[in-house]
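Student: For reference, the structure I am asking about is given below.
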Amino acid sequence: MPATTQNSIWRSYRYPLTLIICIALGAVIGLILGESAAALKPFGDIFINLMFTIVVPLVFVNISSAVASIVDLKRLGKILGVMLAVFIITGIISATIMLVTVSFVPPAEGVSLELKAPEEVNTLNTADQFVKAFTVPDFQSLLSRSNMLALIVFSILFGLAVSLSGEKGRKVADGLQMLSDVMIKMIQLIMYYAPFGLGAYFANLVGVFGPELLGSYARAMAIYYPISLLYFLIAFTVYAYLAAGGTGPKTFWKNAIAPAVTSFATGSSVATIPVNLQAAEKIGVPKDIREIVIPIGATAHMDGSCLSAILKISFIFGIFQMPFHGIDTYLTAIMIAVLSGVVMSGVPGGGFIGEMLIVTMYGFPPEALPIIAMLGVLVDPPATMVNSTGDTVASMLVARWIDGKDWMKQKLTKQLGETI
């Protein structure tokens, strides 16, 4: 291979390859040191804290700026409508794939668990949870990643107010745009530390929690990890092709590695928002689309959670020796998976609420809750990777339906013209 070609490949993939190498080194160190690897956790926590610290102002500034710059409010409505459709359709697809899998390979076959029932299980109050998800009683509560959906709603309303203010709001819109540019530069500074921080964090995860992988949940995990990886590789490639034709998959995978490894190592879609925004920008997703879809997707687009919800349902059916078959059972499972993955994920404590939803809707006894809660913890890394990286490809699909099949070519042509 010519040296110039090698240099070109290295320039294109240098950063994601560096991340992967550091993650791999961290895993090896974790295996060698075992629980002693916990000493490296503070170095990983520094990176996680930096990402969590920047995410609230980043989401507010970017969403407000994106909405404020949309002169045609019909476009905003169209973006939100197409986005919701993409989230639900991909959620149904992922849930169906796992449903077919567990029908042939039951995850709880031969599993025998003895877990103590919790002393108390709170009743699911859907109305109260939705109120808490989309609103907060005090402004200061918005300044927390624990209330991301409420922050997103506030940011959209603020951006609308700026847009509707006409010429008076123009200076505010310009200020938001400048702040957005500054935040992107700040993300770039933080990401210089990412390889070291993620390597240290992953060393701790493998060293401390690695033995859990050999427990009684091994069969369920042996199903989930390969299926989630196949969905990650195959489904996202198909989605990228549908979004941008033949160039879509290549462009997507060139930029998707950094969000994937960041989300896998940190276990947080919210912490991956800055990296996802960078990836979507490099892919060519229009600014207004990426800055609306990706922050909302971090709390409401959960293909990985839909996969795990079906696994949990099948697992708990097997634990209690109940038959998991029939059209009604399957349709109910898909509905619960999409509800827990696409809707309840945005609710504070959404993962636990989704598991409560499974237990209460099927009428399982309270001791079912800790069983599937533990399973949720064990499958969380690949689930988060699918959830988070799926936001990037979802933004591509939204761009396809909003700006037409040539959206990527138009964007790249515009970028080329600006550089000349």
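Ligands are numbered from 1 in the order shown, chains are lettered A, B, ... in the order of the structure tokens, and residues start at 1 in each chain.
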What's around region 278-291 of chain A at 7 Å? Count only C-alpha atoms, leave out sequence neighbours fewer than 6 positions away in its own chain, and write the answer as a list of chain:residue names.

Tutor: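 Listing them by chain and then by number gives A:Asn62, A:Ile63, A:Ala66, A:Val67, A:Ile79, A:Thr251, A:Phe252, A:Asn255, A:Ala256, A:Thr392, A:Ser395, A:Met396, A:Ala399, A:Met408, A:Lys411, A:Leu412.
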
Student: Quick one: write out the picked residues with C-alpha atoms as an mmCIF file, in the first residue's frame?

Tutor:
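Saved the output as again_19.cif:
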data_model
loop_
_atom_site.group_PDB
_atom_site.id
_atom_site.type_symbol
_atom_site.label_atom_id
_atom_site.label_comp_id
_atom_site.auth_asym_id
_atom_site.auth_seq_id
_atom_site.Cartn_x
_atom_site.Cartn_y
_atom_site.Cartn_z
ATOM 1 C CA ASN A 62 -27.453 24.009 20.766
ATOM 2 C CA ILE A 63 -31.177 23.255 20.825
ATOM 3 C CA ALA A 66 -31.080 25.414 16.253
ATOM 4 C CA VAL A 67 -34.736 26.273 16.902
ATOM 5 C CA ILE A 79 -38.263 17.536 12.020
ATOM 6 C CA THR A 251 -19.432 7.954 5.929
ATOM 7 C CA PHE A 252 -21.371 6.776 8.975
ATOM 8 C CA ASN A 255 -17.424 8.804 12.196
ATOM 9 C CA ALA A 256 -19.418 6.434 14.438
ATOM 10 C CA THR A 392 -26.340 9.529 14.933
ATOM 11 C CA SER A 395 -30.291 12.041 12.559
ATOM 12 C CA MET A 396 -29.193 10.841 9.102
ATOM 13 C CA ALA A 399 -32.160 14.442 7.210
ATOM 14 C CA MET A 408 -25.454 14.557 2.089
ATOM 15 C CA LYS A 411 -24.151 19.497 2.442
ATOM 16 C CA LEU A 412 -20.677 18.342 1.380
#

Student: When you look at Tyr241 (chain A) with a cut-off of 12 Å (counting only C-alpha atoms), what residues show up, excluding the ones that are within fewer than 2 positions of it in the same chain? I need them as a compact mmCIF listing (two decimals) with C-alpha atoms, in the first residue's frame.

Tutor:
# COMPACT_ATOMS: atom_id res chain seq x y z
CA ILE A 234 -26.06 -4.70 10.26
CA ALA A 235 -29.10 -2.57 11.12
CA PHE A 236 -27.12 0.66 11.38
CA THR A 237 -25.44 -0.08 8.05
CA VAL A 238 -28.88 -0.58 6.47
CA TYR A 239 -30.23 2.59 8.08
CA ALA A 243 -30.43 7.60 4.66
CA ALA A 244 -27.77 8.44 2.08
CA GLY A 245 -27.41 5.66 -0.48
CA GLY A 246 -24.09 3.98 -1.22
CA THR A 247 -21.96 6.63 0.50
CA GLY A 248 -24.04 6.53 3.67
CA PRO A 249 -22.56 3.45 5.40
CA LYS A 250 -18.95 4.40 4.68
CA THR A 251 -19.43 7.95 5.93
CA PHE A 252 -21.37 6.78 8.98
CA TRP A 253 -18.86 4.15 10.11
CA VAL A 393 -27.85 7.27 12.28
CA ALA A 394 -31.33 8.45 13.31
CA MET A 396 -29.19 10.84 9.10
CA LEU A 397 -32.60 9.24 8.49
CA ARG A 400 -33.10 12.06 4.38
CA LYS A 405 -32.18 11.81 -0.89
CA MET A 408 -25.45 14.56 2.09

Student: Need the shell around region 19-34 of chain A: protein/DNA/RNA residues with any atom at most 10 Å away, counting only C-alpha atoms. Skip same-chain ones fewer than 6 positions apart. Format as a list in words?

Tutor: Leu40, Ala194, Pro195, Phe196, Gly197, Leu198, Gly199, Ala200, Tyr201, Phe202, Ala203, Asn204, Leu205, Val206, Gly207, Val208, Phe209, Gly210, Pro211, Ile257, Ala258, Ala260, Val261, Thr262, Phe264 and Ala265 of chain A

Student: Which one is closest to Ile371 (chain A): A:Val100, A:Ile152, A:Ala108, A:Val82? Count only C-alpha atoms.

Tutor: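 Of A:Val100, A:Ile152, A:Ala108, A:Val82, the one nearest Ile371 (chain A), counting only C-alpha atoms, is A:Ala108.
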
Student: Rank nothing, just name the residue among A:Leu277, A:Met178, A:Ile402, A:Val377 nearest to Pro295 (chain A), using only C-alpha atoms.

Tutor: A:Leu277
